[in-house]
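S.K.: After the structure tokens below, expect a handful of questions from me.
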Amino acid sequence: MNHITKYIFAILSLIMLAGCSEKDEVRPMDTLAPISLTLSVPADKTNTRVGDPGADTNDKVDWDRLTIIVAYKEKAQGDEIIDGAPQKMVYYDTYTKEEFDRGTLVTHPTSTLSGPDANGFRTYTMYLPLGTCCVYGVTYSSGQGLNLEEMLDGIAKDGQDHNSDIYDLQISNDYAHKNGAIDIAKFISVATGYALKLDPKTQILTNDRDIKVEKNINANINTKQYWRMVLGRLAAKIDIQWDAKGAYEKDKDGNLKYTNVKVSQFTYHGASADAESSISGSGKGRLFPTLYHQEVSSRTSVSGHTIFVNTSEISKRNGRVYHYTFPDGAIPPRLTFLLDTEKDGTKKPYNVTFDMSNLKDGFIPARWYKINVKISGTQLKREQNITINNFNI
């Protein structure tokens with residue numbers, strides 16, 4: 001009886017081994033090689049940053065997704081190279097905030113993410129098909145108006161370089177808005193960046209973005225690559241302050257030039273006057289506006305306009321508004337103030353537009369722009385455009 005049992009076990013073992021061998025033959029593994037980079041994201045500054053007196057800057061971290069994007073410029077070809085999806089040129093990998101915060105190694109099917117080192121950098125490693133690619137990163141919150149994975153899935157799988165599609169990825173300026181109110185923490189926690197080559201001797205970032213995915217490239221000290229990706233906040237903050245006190249000046253006889261001057265509303269324009277009508281509402285920004293501005297020669301604005309209506313009498317005389325927007329990498333914005341004036345019993349409205357076309361590169365991510373507008377008792381045309389020539393940067 002014991003001999004019969006042994007024979008049965010032996011036959012079963014042979015069947016199992018034969019099954020594994022057949023599976024390996026019909027499904028060969030893709031030819032993959034690892035790339036590694038050090039990664040950082042913006043830190044919570046609620047306990048370190050000083051805001052305006054009496055104001056809560058809400059400058060905290062609030063995101064739940066980190067998506068790493070890999071966009072190939074070209075894939076390697078060869079008889080010994082196995083690629084199960086040769087036409088696929090864009091890959092992505094998403095980590096949750098909970099995984100990011102664990103502080104220990106997190107493993108995905110084709111990648112790993114380490115805990116932070118002493119300087120807050122994490123090491124991200126991904127196993128990829130051979131070729132040349134660029135790597136990008138985005139932090140954001142799910143369910144707030146950015147379905148990034150769906151956008152990436154929509155990029156054509158045709159074997160072509162689609163890095164230009166990554167430059168053009170867009171995000172709504174209504175992101176993290178509910179019932180007309182903005183969740184500032186979520187809005188400013190959208191952060192983006194891209195990997196750059198690090199000079200191993202000087203530890204200075206270069207402008208090289210082309211990562212070569214090759215077997216054993218990092219095994220040789222002479223060919224080893226060092227890459228770093230620093231994500232920075234995407235939103236720009238526009239701090240607009242106005243004061244109409246100067247409009248109540250007296251003439252040489254001591255009479256008021258104007259008896260009533262009010263800023264009834266003002267409009268932030270993100271697009272040119274001829275393009276604005278084709279853009280709905282506040283429009284969009286781009287996830288990588290700096291790259292879009294650098295790499296695209298014929299740029300198209302996607303940013304819209306936002307109207308701020310001053311409802312109280314005090315705010316019509318003087319006030320201050322913070323406006324958050326995602327830059328689109330296209331053109332500098334404009335501000336139009338609607339002034340309601342009264343002189344000698346005659347009421348007149350004036351539209352005064354401040355044109356910032358001389359602001360090189362337009363609005364830049366993660367910058368705070370302070371705009372002070374002082375209204376004096378000078379004579380204006382019904383429609384007036386003022387081009388600002390000097391900026392204190």
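Here's how to read the names in the structure tokens: chain A, B, ... by the order shown, residue numbers from 1 in each chain, ligand numbers from 1 in the order shown.
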Can you tell me which residues surround Ile81 (chain A) at a distance of at most 9 Å, considering only C-alpha atoms, apart from same-chain residues fewer than 6 positions away, and format the answer as number ranges by chain?
M.R.: A: 30-32, 129-130
S.K.: For the selection you just gave me, I'd like the residues written to a file as a tab-separated table (two decimals), in the first residue's frame, keeping all heavy atoms.
M.R.:
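What landed in result20.tsv:
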chain	number	residue	atom	x	y	z
A	30	ASP	N	8.71	39.68	-20.56
A	30	ASP	CA	9.21	40.84	-21.32
A	30	ASP	C	10.64	41.16	-20.89
A	30	ASP	O	11.03	40.91	-19.74
A	30	ASP	CB	8.33	42.06	-21.07
A	30	ASP	CG	6.97	41.93	-21.75
A	30	ASP	OD1	6.83	41.02	-22.58
A	30	ASP	OD2	6.08	42.75	-21.45
A	31	THR	N	11.38	41.75	-21.81
A	31	THR	CA	12.73	42.20	-21.50
A	31	THR	C	12.63	43.54	-20.78
A	31	THR	O	12.27	44.55	-21.38
A	31	THR	CB	13.57	42.34	-22.77
A	31	THR	OG1	13.55	41.11	-23.49
A	31	THR	CG2	15.00	42.71	-22.44
A	32	LEU	N	12.92	43.54	-19.49
A	32	LEU	CA	12.79	44.74	-18.68
A	32	LEU	C	14.12	45.10	-18.03
A	32	LEU	O	14.96	44.23	-17.80
A	32	LEU	CB	11.72	44.56	-17.60
A	32	LEU	CG	10.31	44.17	-18.05
A	32	LEU	CD1	9.42	43.96	-16.82
A	32	LEU	CD2	9.72	45.24	-18.96
A	129	PRO	N	10.37	48.45	-20.26
A	129	PRO	CA	10.95	47.98	-21.52
A	129	PRO	C	12.16	48.84	-21.91
A	129	PRO	O	12.27	50.01	-21.50
A	129	PRO	CB	9.80	48.16	-22.52
A	129	PRO	CG	8.57	48.20	-21.69
A	129	PRO	CD	8.97	48.83	-20.39
A	130	LEU	N	13.05	48.29	-22.70
A	130	LEU	CA	14.26	49.00	-23.10
A	130	LEU	C	13.93	50.12	-24.07
A	130	LEU	O	13.01	50.03	-24.86
A	130	LEU	CB	15.25	48.02	-23.74
A	130	LEU	CG	15.58	46.75	-22.95
A	130	LEU	CD1	16.70	45.98	-23.63
A	130	LEU	CD2	15.94	47.08	-21.51
S.K.: Tell me which protein, DNA and RNA residues are within 12 Å of Tyr350 (chain A), counting only C-alpha atoms, leaving out same-chain ones fewer than 2 positions away, and put them as a PyMOL selection string.
M.R.: chain A and resi 261-266+336-342+347-348+352-353+375+379-385
S.K.: Please dump the current selection as an mmCIF file, in the first residue's frame; keep N, CA, C and O atoms.
M.R.:
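The file below, again.cif, is the result:
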data_model
loop_
_atom_site.group_PDB
_atom_site.id
_atom_site.type_symbol
_atom_site.label_atom_id
_atom_site.label_comp_id
_atom_site.auth_asym_id
_atom_site.auth_seq_id
_atom_site.Cartn_x
_atom_site.Cartn_y
_atom_site.Cartn_z
ATOM 1 N N VAL A 261 -16.464 107.264 -6.514
ATOM 2 C CA VAL A 261 -15.716 106.327 -7.343
ATOM 3 C C VAL A 261 -15.768 104.962 -6.657
ATOM 4 O O VAL A 261 -15.439 104.840 -5.477
ATOM 5 N N LYS A 262 -16.190 103.958 -7.410
ATOM 6 C CA LYS A 262 -16.310 102.626 -6.846
ATOM 7 C C LYS A 262 -15.743 101.593 -7.818
ATOM 8 O O LYS A 262 -15.872 101.741 -9.036
ATOM 9 N N VAL A 263 -15.113 100.564 -7.255
ATOM 10 C CA VAL A 263 -14.703 99.405 -8.054
ATOM 11 C C VAL A 263 -15.804 98.366 -7.883
ATOM 12 O O VAL A 263 -15.837 97.634 -6.902
ATOM 13 N N SER A 264 -16.736 98.349 -8.826
ATOM 14 C CA SER A 264 -17.891 97.457 -8.680
ATOM 15 C C SER A 264 -17.530 96.000 -8.946
ATOM 16 O O SER A 264 -18.124 95.097 -8.367
ATOM 17 N N GLN A 265 -16.526 95.774 -9.820
ATOM 18 C CA GLN A 265 -16.070 94.415 -10.064
ATOM 19 C C GLN A 265 -14.749 94.455 -10.834
ATOM 20 O O GLN A 265 -14.371 95.494 -11.375
ATOM 21 N N PHE A 266 -14.065 93.342 -10.832
ATOM 22 C CA PHE A 266 -12.902 93.228 -11.701
ATOM 23 C C PHE A 266 -12.834 91.797 -12.231
ATOM 24 O O PHE A 266 -13.428 90.869 -11.669
ATOM 25 N N THR A 336 -9.035 93.452 -15.615
ATOM 26 C CA THR A 336 -9.899 94.567 -16.006
ATOM 27 C C THR A 336 -10.731 95.007 -14.806
ATOM 28 O O THR A 336 -11.467 94.192 -14.228
ATOM 29 N N PHE A 337 -10.610 96.282 -14.443
ATOM 30 C CA PHE A 337 -11.378 96.859 -13.347
ATOM 31 C C PHE A 337 -12.530 97.683 -13.919
ATOM 32 O O PHE A 337 -12.320 98.524 -14.805
ATOM 33 N N LEU A 338 -13.737 97.432 -13.405
ATOM 34 C CA LEU A 338 -14.892 98.241 -13.787
ATOM 35 C C LEU A 338 -15.090 99.314 -12.723
ATOM 36 O O LEU A 338 -15.410 99.016 -11.574
ATOM 37 N N LEU A 339 -14.865 100.559 -13.131
ATOM 38 C CA LEU A 339 -14.991 101.700 -12.212
ATOM 39 C C LEU A 339 -16.302 102.437 -12.474
ATOM 40 O O LEU A 339 -16.610 102.793 -13.620
ATOM 41 N N ASP A 340 -17.057 102.662 -11.414
ATOM 42 C CA ASP A 340 -18.268 103.485 -11.494
ATOM 43 C C ASP A 340 -17.941 104.839 -10.880
ATOM 44 O O ASP A 340 -17.565 104.925 -9.704
ATOM 45 N N THR A 341 -18.051 105.898 -11.671
ATOM 46 C CA THR A 341 -17.675 107.230 -11.190
ATOM 47 C C THR A 341 -18.851 108.198 -11.293
ATOM 48 O O THR A 341 -19.795 107.986 -12.051
ATOM 49 N N GLU A 342 -18.742 109.264 -10.509
ATOM 50 C CA GLU A 342 -19.742 110.331 -10.568
ATOM 51 C C GLU A 342 -19.032 111.668 -10.437
ATOM 52 O O GLU A 342 -18.249 111.891 -9.508
ATOM 53 N N LYS A 347 -22.910 110.198 -13.985
ATOM 54 C CA LYS A 347 -22.314 108.909 -13.676
ATOM 55 C C LYS A 347 -21.756 108.271 -14.951
ATOM 56 O O LYS A 347 -22.398 108.298 -15.989
ATOM 57 N N LYS A 348 -20.547 107.724 -14.819
ATOM 58 C CA LYS A 348 -19.918 107.067 -15.965
ATOM 59 C C LYS A 348 -19.197 105.802 -15.498
ATOM 60 O O LYS A 348 -18.521 105.823 -14.470
ATOM 61 N N VAL A 352 -10.924 99.631 -17.108
ATOM 62 C CA VAL A 352 -9.478 99.853 -17.143
ATOM 63 C C VAL A 352 -8.794 98.478 -17.075
ATOM 64 O O VAL A 352 -8.954 97.749 -16.093
ATOM 65 N N THR A 353 -8.056 98.160 -18.114
ATOM 66 C CA THR A 353 -7.399 96.850 -18.188
ATOM 67 C C THR A 353 -5.904 97.000 -18.004
ATOM 68 O O THR A 353 -5.263 97.819 -18.679
ATOM 69 N N ILE A 375 -6.191 104.042 -7.374
ATOM 70 C CA ILE A 375 -7.001 104.828 -8.309
ATOM 71 C C ILE A 375 -6.978 106.282 -7.874
ATOM 72 O O ILE A 375 -7.343 106.619 -6.748
ATOM 73 N N GLN A 379 -8.033 111.875 -15.413
ATOM 74 C CA GLN A 379 -9.060 111.662 -16.433
ATOM 75 C C GLN A 379 -8.782 110.376 -17.209
ATOM 76 O O GLN A 379 -7.654 110.079 -17.574
ATOM 77 N N LEU A 380 -9.833 109.609 -17.460
ATOM 78 C CA LEU A 380 -9.711 108.355 -18.178
ATOM 79 C C LEU A 380 -10.626 108.326 -19.387
ATOM 80 O O LEU A 380 -11.657 109.008 -19.429
ATOM 81 N N LYS A 381 -10.214 107.547 -20.361
ATOM 82 C CA LYS A 381 -11.100 107.252 -21.487
ATOM 83 C C LYS A 381 -12.082 106.179 -21.036
ATOM 84 O O LYS A 381 -11.875 105.485 -20.058
ATOM 85 N N ARG A 382 -13.174 106.044 -21.811
ATOM 86 C CA ARG A 382 -14.182 105.057 -21.440
ATOM 87 C C ARG A 382 -13.589 103.640 -21.384
ATOM 88 O O ARG A 382 -13.899 102.859 -20.515
ATOM 89 N N GLU A 383 -12.738 103.306 -22.340
ATOM 90 C CA GLU A 383 -12.031 102.038 -22.348
ATOM 91 C C GLU A 383 -10.535 102.344 -22.381
ATOM 92 O O GLU A 383 -10.077 103.051 -23.270
ATOM 93 N N GLN A 384 -9.807 101.845 -21.436
ATOM 94 C CA GLN A 384 -8.378 102.142 -21.403
ATOM 95 C C GLN A 384 -7.577 100.885 -21.094
ATOM 96 O O GLN A 384 -7.923 100.126 -20.192
ATOM 97 N N ASN A 385 -6.512 100.685 -21.872
ATOM 98 C CA ASN A 385 -5.627 99.550 -21.687
ATOM 99 C C ASN A 385 -4.259 100.065 -21.256
ATOM 100 O O ASN A 385 -3.649 100.890 -21.937
#
S.K.: Show me, as a ChimeraX atom specification, the residues that have an atom within 7 Å of Tyr194 (chain A) when counting only C-alpha atoms, minus same-chain residues fewer than 5 positions from it.
M.R.: /A:135-137,229
S.K.: Rank A:Ile279, A:Ala244, A:Val190, A:Ile238 by their smallest atom-to-atom distance to Pro333 (chain A), using only C-alpha atoms, and report the top residue only.
M.R.: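 The answer is A:Ile238, which sits nearest to Pro333 (chain A).
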S.K.: So that I can check the surroundings of region 269-273 of chain A, please list as JSON, numbers by chain every protein, DNA and RNA residue that reaches within 10 Å of it, counting only C-alpha atoms and ignoring chain neighbours fewer than 3 positions away.
M.R.: {"A": [266, 276, 277, 278, 279, 282, 283, 284, 285, 300, 301, 302, 303, 304, 305, 306, 307, 325, 326, 327, 328, 330, 331, 332, 333, 334, 335, 336, 353, 355, 357, 362, 363]}
S.K.: Limited to C-alpha atoms, could you put the picked residues into a file as a short mmCIF file (atom, residue, chain, number, x, y, z; two decimals), in the first residue's frame?
M.R.:
data_model
loop_
_atom_site.label_atom_id
_atom_site.label_comp_id
_atom_site.auth_asym_id
_atom_site.auth_seq_id
_atom_site.Cartn_x
_atom_site.Cartn_y
_atom_site.Cartn_z
CA PHE A 266 -12.90 93.23 -11.70
CA GLU A 276 -11.41 84.32 -24.45
CA SER A 277 -14.87 83.91 -25.98
CA SER A 278 -14.06 80.34 -27.04
CA ILE A 279 -13.07 79.26 -23.50
CA SER A 282 -12.35 79.91 -15.68
CA GLY A 283 -10.84 77.49 -18.19
CA LYS A 284 -7.87 75.26 -17.45
CA GLY A 285 -4.19 75.21 -16.71
CA THR A 300 -2.57 77.92 -27.33
CA SER A 301 -4.14 79.43 -24.24
CA VAL A 302 -6.67 77.31 -22.35
CA SER A 303 -7.08 79.59 -19.32
CA GLY A 304 -10.41 81.39 -19.02
CA HIS A 305 -11.70 84.33 -16.98
CA THR A 306 -13.04 84.84 -13.47
CA ILE A 307 -15.22 87.77 -12.39
CA THR A 325 -5.04 79.62 -10.78
CA PHE A 326 -3.15 76.93 -12.66
CA PRO A 327 -0.81 78.53 -15.25
CA ASP A 328 -1.25 77.28 -18.81
CA ALA A 330 0.75 80.21 -22.97
CA ILE A 331 0.37 83.97 -22.43
CA PRO A 332 0.49 86.41 -19.50
CA PRO A 333 -2.88 87.40 -18.01
CA ARG A 334 -4.81 90.68 -17.84
CA LEU A 335 -6.91 92.37 -15.15
CA THR A 336 -9.90 94.57 -16.01
CA THR A 353 -7.40 96.85 -18.19
CA ASP A 355 -2.04 94.18 -19.50
CA SER A 357 2.08 90.95 -21.67
CA GLY A 362 3.72 84.59 -17.98
CA PHE A 363 2.69 83.33 -14.57
#
S.K.: Skip Asn147 (chain A) itself and residues of its chain fewer than 3 positions away, then list as a ChimeraX atom specification all residues within 12 Å of it, counting only C-alpha atoms.
M.R.: /A:65,67,138-144,150-154,169-172,175
S.K.: Could you turn the residues from that selection into a file that holds C-alpha atoms, as a tab-separated table (two decimals), in the first residue's frame?
M.R.:
chain	number	residue	atom	x	y	z
A	65	ARG	CA	-2.65	60.13	-5.27
A	67	THR	CA	1.10	59.16	-10.26
A	138	VAL	CA	1.85	64.46	-10.23
A	139	THR	CA	0.22	64.63	-6.78
A	140	TYR	CA	-3.52	65.29	-6.70
A	141	SER	CA	-6.78	64.29	-5.02
A	142	SER	CA	-9.21	61.81	-6.52
A	143	GLY	CA	-12.77	62.95	-7.21
A	144	GLN	CA	-11.84	66.64	-7.45
A	150	GLU	CA	-8.21	58.13	-17.82
A	151	MET	CA	-6.36	60.90	-19.68
A	152	LEU	CA	-3.23	58.78	-19.90
A	153	ASP	CA	-5.20	55.74	-21.08
A	154	GLY	CA	-6.57	57.91	-23.88
A	169	LEU	CA	-2.15	67.53	-20.07
A	170	GLN	CA	-4.67	69.96	-18.60
A	171	ILE	CA	-6.37	70.54	-15.26
A	172	SER	CA	-9.53	72.57	-14.67
A	175	TYR	CA	-10.56	71.72	-9.54
S.K.: In region 110-316 of chain A, what's strand (DSSP E or B) per DSSP? Answer as a PyMOL selection string?
M.R.: chain A and resi 111-113+122-129+131-140+170-172+177-178+181-182+191-194+196-198+205+211-213+227-230+232-233+236-243+250+256+260-269+283-286+303+305-309
S.K.: Would you mind listing what lies within 8 Å of Tyr369 (chain A) as a ChimeraX atom specification, with only C-alpha atoms counted and same-chain residues fewer than 3 positions away left out?
M.R.: /A:236-239
S.K.: Please report the interatomic distance between CA of Leu37 (chain A) and CA of Tyr124 (chain A) in Å with one decimal.
M.R.: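 Computed distance, CA of Leu37 (chain A) to CA of Tyr124 (chain A), equals 5.4 Å.
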S.K.: Find, counting only C-alpha atoms, the residue in A:Asp174, A:Glu74, A:Asp168, A:Glu313 that gets nearest to Leu291 (chain A).
M.R.: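 Residue with the minimum atom-to-atom distance to Leu291 (chain A): A:Asp168.
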S.K.: Run DSSP on the backbone and tell me which residues of region 91-273 of chain A come out as alpha helix (DSSP H); list them as a list in words.
M.R.: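 Of region 91-273 of chain A, the ones in alpha helix (DSSP H) are Lys97, Glu98, Glu99, Phe100, Leu148, Glu149, Glu150, Met151, Leu152, Asp153, Asn163, Ser164, Asp165, Ile166, Tyr167, Ile184, Ala185, Lys186, Phe187, Ile188 and Ala273 of chain A.
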S.K.: Smallest atom-to-atom distance to Leu113 (chain A): which of A:Ala195, A:Ile364, A:Leu66, A:Leu359, using only C-alpha atoms?
M.R.: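 Going through A:Ala195, A:Ile364, A:Leu66, A:Leu359 one by one, the smallest distance to Leu113 (chain A) is for A:Leu66.
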S.K.: With distances taken over only C-alpha atoms, which residue among A:Ile184, A:Leu146, A:Leu234, A:Cys133 lies nearest Arg209 (chain A)?
M.R.: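 When distances to Arg209 (chain A) are compared using only C-alpha atoms, the smallest one comes from A:Cys133.
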S.K.: Using only C-alpha atoms, can you tell me which of A:Asn358, A:Ser315, A:Gln87, A:Asn207 comes closest to Lys73 (chain A)?
M.R.: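 Checking each candidate against Lys73 (chain A), we get A:Gln87 as the closest.
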